[in-house]
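Reading through the structure tokens given below for one structure.
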Amino acid sequence: METFDLYDAQRCPTGETMLRGTPTPPHRYRLVIHISIFNTQGQLLIQQRQTFKDDWSNMWDLSVGGSVTSGETSQTGAERELEEELGVIADLQDTVPAASIAFRGGFDDHYILIRDLDLSELHLQYEEVQAAKWASKEEILSMIDDGRFIPYHKALIELLFFLRDHQGTHTHGWQPPKT
């Protein structure tokens with residue numbers, strides 16, 4: 001049975017854990033990760049979830065996603081999920097998430113990688129993933145509209161595509177006002 005470490009609202013570990021499938025206790029939070037892998041043509045690698053998955057079965061999703069298990073950091077959890085789901089090895093130890101988004105019950109760290117992966121060389125985890133392909137932003141937004149992609153807010157997809165080419169929240173050349 002998988003367990004997850006619990007955190008307080010400041011993202012500090014509480015020393016408590018919870019079992020997969022149980023509700024997150026009030027005022028406690030867990031970590032999940034997503035990895036968006038872009039190729040140099042600006043397409044996002046998306047995966048189709050297995051037909052027998054309890055949640056979002058048969059739907060398309062971001063490149064990788066999953067829960068950080070007890071004892072893992074956000075980075076080690078992301079490395080593990082990436083290797084498990086796609087067979088891709090990456091060292092994320094010195095990588096900070098491109099974005100961290102709070103949700104009811106946790107924090108969702110989003111990592112962005114730029115890699116020209118050969119789809120035929122991916123090792124898809126049978127229990128999780130049935131297919132993978134490269135997709136443009138427009139194709140993903142259309143897939144959300146017609147119910148084939150997990151119904152993320154379209155603004156999230158727009159943000160991920162923006163963040164692949166940008167770091168931080170300021171525009172290039174921004175200068176603080178002179179006082």
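Residue numbering restarts at 1 in every chain; chains get A, B, ... in the order shown in the structure tokens, and ligands count up from 1 in that same order.
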Residues of region 3-85 of chain A within 6 Å of region 148-158 of chain A: nearest atom pair and distance (Å, one decimal) for each, counting only C-alpha atoms, sorted by chain and number, as JSON lines?
```
{"residue": "A:Met59", "atom": "CA", "partner": "A:Phe149", "partner_atom": "CA", "distance": 5.3}
{"residue": "A:Trp60", "atom": "CA", "partner": "A:Phe149", "partner_atom": "CA", "distance": 4.4}
{"residue": "A:Asp61", "atom": "CA", "partner": "A:Ile150", "partner_atom": "CA", "distance": 5.8}
```
Generate the output file for the selected residues, N, CA and C atoms, as a compact mmCIF listing (two decimals), in the first residue's frame.
```txt
# COMPACT_ATOMS: atom_id res chain seq x y z
N MET A 59 -8.29 8.67 -21.46
CA MET A 59 -8.14 10.07 -21.82
C MET A 59 -6.66 10.41 -21.99
N TRP A 60 -6.40 11.46 -22.76
CA TRP A 60 -5.05 11.95 -22.96
C TRP A 60 -4.69 12.88 -21.81
N ASP A 61 -3.39 12.92 -21.49
CA ASP A 61 -2.90 13.67 -20.34
C ASP A 61 -1.54 14.27 -20.68
```
* Tell me which protein, DNA and RNA residues are within 9 Å of Thr3 (chain A), counting only C-alpha atoms, leaving out same-chain ones fewer than 4 positions away, and put them as a ChimeraX atom specification. => /A:17-20,68-70
* For Phe161 (chain A), work out the shell of residues within 10 Å, counting only C-alpha atoms and skipping chain neighbours fewer than 3 positions away, then give it as a ChimeraX atom specification. => /A:36,38,42-44,112,136-137,155-158,164-166
Just C-alpha atoms for this one: save the residues we selected as a short mmCIF file (atom, residue, chain, number, x, y, z; two decimals), in the first residue's frame.
```cif
data_model
loop_
_atom_site.label_atom_id
_atom_site.label_comp_id
_atom_site.auth_asym_id
_atom_site.auth_seq_id
_atom_site.Cartn_x
_atom_site.Cartn_y
_atom_site.Cartn_z
CA SER A 36 5.67 18.31 -19.57
CA PHE A 38 8.47 19.44 -25.19
CA GLY A 42 7.42 23.14 -29.68
CA GLN A 43 5.15 20.08 -29.40
CA LEU A 44 4.20 18.51 -26.08
CA ILE A 112 9.30 21.19 -18.00
CA SER A 136 0.57 21.08 -30.57
CA LYS A 137 -1.08 23.48 -28.15
CA ALA A 155 -5.02 28.50 -19.03
CA LEU A 156 -2.80 25.77 -17.57
CA ILE A 157 -2.05 24.38 -21.02
CA GLU A 158 -1.33 27.93 -22.27
CA ARG A 164 8.78 26.10 -22.12
CA ASP A 165 10.50 29.23 -23.50
CA HIS A 166 10.48 31.50 -20.44
#
```
* To do: Could you tell me which of A:Ser120, A:Gln167, A:Gln47, A:Thr95 comes closest to Ile140 (chain A) if we count only C-alpha atoms?
  => A:Gln47
* To do: Would you please work out which residue, of A:Gly105, A:Ala9, A:Asp116, A:Ala78, is nearest to Pro23 (chain A) when using only C-alpha atoms?
  =>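 Of A:Gly105, A:Ala9, A:Asp116, A:Ala78, the one nearest Pro23 (chain A) is A:Gly105, counting only C-alpha atoms.
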* Counting only C-alpha atoms, what is within 12 Å of Lys53 (chain A), bar same-chain residues fewer than 2 positions away, as a VMD selection string? -> chain A and resid 48 to 51 55 to 59 126 to 130
Can you write just those residues out, N, CA and C atoms, as a compact mmCIF listing (two decimals), in the first residue's frame?
```
# COMPACT_ATOMS: atom_id res chain seq x y z
N GLN A 48 -1.76 8.70 -23.36
CA GLN A 48 -3.15 8.26 -23.21
C GLN A 48 -3.20 7.25 -22.07
N ARG A 49 -4.05 7.54 -21.10
CA ARG A 49 -4.19 6.66 -19.94
C ARG A 49 -4.85 5.35 -20.35
N GLN A 50 -4.54 4.30 -19.61
CA GLN A 50 -5.10 2.98 -19.90
C GLN A 50 -6.62 2.98 -19.75
N THR A 51 -7.27 2.10 -20.48
CA THR A 51 -8.73 2.00 -20.47
C THR A 51 -9.26 1.52 -19.13
N ASP A 55 -9.49 6.56 -12.69
CA ASP A 55 -9.69 7.98 -12.96
C ASP A 55 -9.22 8.32 -14.37
N TRP A 56 -10.04 9.03 -15.12
CA TRP A 56 -9.70 9.56 -16.43
C TRP A 56 -9.26 8.46 -17.40
N SER A 57 -9.88 7.31 -17.32
CA SER A 57 -9.50 6.21 -18.21
C SER A 57 -9.67 6.59 -19.68
N ASN A 58 -8.72 6.13 -20.49
CA ASN A 58 -8.71 6.30 -21.94
C ASN A 58 -8.52 7.75 -22.39
N MET A 59 -8.29 8.67 -21.46
CA MET A 59 -8.14 10.07 -21.82
C MET A 59 -6.66 10.41 -21.99
N TYR A 126 2.58 -0.44 -18.78
CA TYR A 126 1.30 -1.04 -19.16
C TYR A 126 0.19 -0.66 -18.19
N GLU A 127 0.47 -0.63 -16.91
CA GLU A 127 -0.56 -0.35 -15.90
C GLU A 127 -1.10 1.08 -15.97
N GLU A 128 -0.35 1.97 -16.62
CA GLU A 128 -0.72 3.38 -16.62
C GLU A 128 -1.01 3.95 -18.02
N VAL A 129 -0.17 3.60 -18.99
CA VAL A 129 -0.13 4.31 -20.27
C VAL A 129 -0.36 3.35 -21.43
N GLN A 130 -1.30 3.71 -22.33
CA GLN A 130 -1.52 2.87 -23.52
C GLN A 130 -0.89 3.44 -24.78
```
* Restricting the calculation to only C-alpha atoms, which member of A:Asp5, A:Asp145, A:Glu139, A:Glu16 is positioned closest to Thr73 (chain A)? ->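 Of A:Asp5, A:Asp145, A:Glu139, A:Glu16, the one nearest Thr73 (chain A), counting only C-alpha atoms, is A:Asp5.
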* To do: Check region 2-167 of chain A with DSSP on the backbone and list each residue it calls strand (DSSP E or B), as a ChimeraX atom specification.
  => /A:3-7,13-19,29-38,44-49,60-61,64-67,99-103,106-114,129-135,149
For those residues, write C-alpha atoms to a file as a PDB file, in the first residue's frame.
```
ATOM      1  CA  THR A   3       1.808   6.099   1.543  1.00  0.00           C
ATOM      2  CA  PHE A   4       2.251   9.822   1.052  1.00  0.00           C
ATOM      3  CA  ASP A   5       3.979  12.306   3.357  1.00  0.00           C
ATOM      4  CA  LEU A   6       1.789  15.129   4.622  1.00  0.00           C
ATOM      5  CA  TYR A   7       2.709  18.808   4.720  1.00  0.00           C
ATOM      6  CA  PRO A  13       6.659  18.165   6.437  1.00  0.00           C
ATOM      7  CA  THR A  14       4.456  17.287   9.403  1.00  0.00           C
ATOM      8  CA  GLY A  15       5.882  13.797   9.983  1.00  0.00           C
ATOM      9  CA  GLU A  16       2.434  12.349   9.227  1.00  0.00           C
ATOM     10  CA  THR A  17       1.521  10.067   6.331  1.00  0.00           C
ATOM     11  CA  MET A  18      -1.655   8.964   4.590  1.00  0.00           C
ATOM     12  CA  LEU A  19      -2.564   5.884   2.578  1.00  0.00           C
ATOM     13  CA  TYR A  29      -1.449  18.532   2.029  1.00  0.00           C
ATOM     14  CA  ARG A  30       0.370  16.037  -0.194  1.00  0.00           C
ATOM     15  CA  LEU A  31       2.652  16.448  -3.204  1.00  0.00           C
ATOM     16  CA  VAL A  32       1.933  15.479  -6.790  1.00  0.00           C
ATOM     17  CA  ILE A  33       4.051  16.138  -9.852  1.00  0.00           C
ATOM     18  CA  HIS A  34       3.543  16.640 -13.559  1.00  0.00           C
ATOM     19  CA  ILE A  35       6.241  16.682 -16.205  1.00  0.00           C
ATOM     20  CA  SER A  36       5.665  18.306 -19.569  1.00  0.00           C
ATOM     21  CA  ILE A  37       8.194  17.164 -22.159  1.00  0.00           C
ATOM     22  CA  PHE A  38       8.473  19.441 -25.188  1.00  0.00           C
ATOM     23  CA  LEU A  44       4.197  18.514 -26.077  1.00  0.00           C
ATOM     24  CA  LEU A  45       4.509  14.785 -25.500  1.00  0.00           C
ATOM     25  CA  ILE A  46       1.112  13.566 -24.285  1.00  0.00           C
ATOM     26  CA  GLN A  47       0.122  10.154 -22.998  1.00  0.00           C
ATOM     27  CA  GLN A  48      -3.146   8.264 -23.207  1.00  0.00           C
ATOM     28  CA  ARG A  49      -4.186   6.663 -19.943  1.00  0.00           C
ATOM     29  CA  TRP A  60      -5.047  11.948 -22.957  1.00  0.00           C
ATOM     30  CA  ASP A  61      -2.899  13.674 -20.337  1.00  0.00           C
ATOM     31  CA  VAL A  64       3.847  12.324 -16.895  1.00  0.00           C
ATOM     32  CA  GLY A  65       1.931  12.738 -13.660  1.00  0.00           C
ATOM     33  CA  GLY A  66       1.711  11.095 -10.286  1.00  0.00           C
ATOM     34  CA  SER A  67       1.936  11.245  -6.531  1.00  0.00           C
ATOM     35  CA  ALA A  99       5.303  26.156 -11.531  1.00  0.00           C
ATOM     36  CA  SER A 100       3.768  24.879  -8.321  1.00  0.00           C
ATOM     37  CA  ILE A 101       0.005  25.045  -8.129  1.00  0.00           C
ATOM     38  CA  ALA A 102      -1.980  24.519  -4.959  1.00  0.00           C
ATOM     39  CA  PHE A 103      -5.086  22.364  -5.156  1.00  0.00           C
ATOM     40  CA  GLY A 106      -2.016  19.369  -2.020  1.00  0.00           C
ATOM     41  CA  PHE A 107       0.650  20.992  -4.122  1.00  0.00           C
ATOM     42  CA  ASP A 108       1.165  20.119  -7.800  1.00  0.00           C
ATOM     43  CA  ASP A 109       4.723  20.716  -9.017  1.00  0.00           C
ATOM     44  CA  HIS A 110       5.058  21.116 -12.786  1.00  0.00           C
ATOM     45  CA  TYR A 111       8.426  20.381 -14.391  1.00  0.00           C
ATOM     46  CA  ILE A 112       9.295  21.189 -17.996  1.00  0.00           C
ATOM     47  CA  LEU A 113      11.859  19.269 -20.032  1.00  0.00           C
ATOM     48  CA  ILE A 114      12.988  19.882 -23.608  1.00  0.00           C
ATOM     49  CA  VAL A 129      -0.133   4.308 -20.266  1.00  0.00           C
ATOM     50  CA  GLN A 130      -1.519   2.872 -23.515  1.00  0.00           C
ATOM     51  CA  ALA A 131      -0.071   5.360 -26.033  1.00  0.00           C
ATOM     52  CA  ALA A 132       2.037   8.496 -26.426  1.00  0.00           C
ATOM     53  CA  LYS A 133       2.293  11.116 -29.162  1.00  0.00           C
ATOM     54  CA  TRP A 134       3.485  14.648 -29.849  1.00  0.00           C
ATOM     55  CA  ALA A 135       0.789  17.349 -29.956  1.00  0.00           C
ATOM     56  CA  PHE A 149      -8.055  15.209 -22.923  1.00  0.00           C
TER      57      PHE A 149
END
```
* To do: Determine which residues of chain A DSSP labels as alpha helix (DSSP H) from the backbone of this structure, then write them out as a count of residues only.
  => 32
* Quick one: distance from CA of Asp146 (chain A) to CA of Leu62 (chain A) in Å, one decimal? ->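 Straight-line distance from CA of Asp146 (chain A) to CA of Leu62 (chain A) works out to 16.4 Å.
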* Asked: What separation in Å, quoted to one decimal, exists between CA of Asp8 (chain A) and CA of Glu84 (chain A)?
  ->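 Computing the Euclidean distance for CA of Asp8 (chain A) and CA of Glu84 (chain A) yields 28.2 Å.
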* To do: Counting only C-alpha atoms, figure out which residue out of A:Thr24, A:Gln41, A:Thr76, A:Ser63 gets nearest to Leu160 (chain A).
  =>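 For Leu160 (chain A), the nearest of the given residues is A:Ser63.
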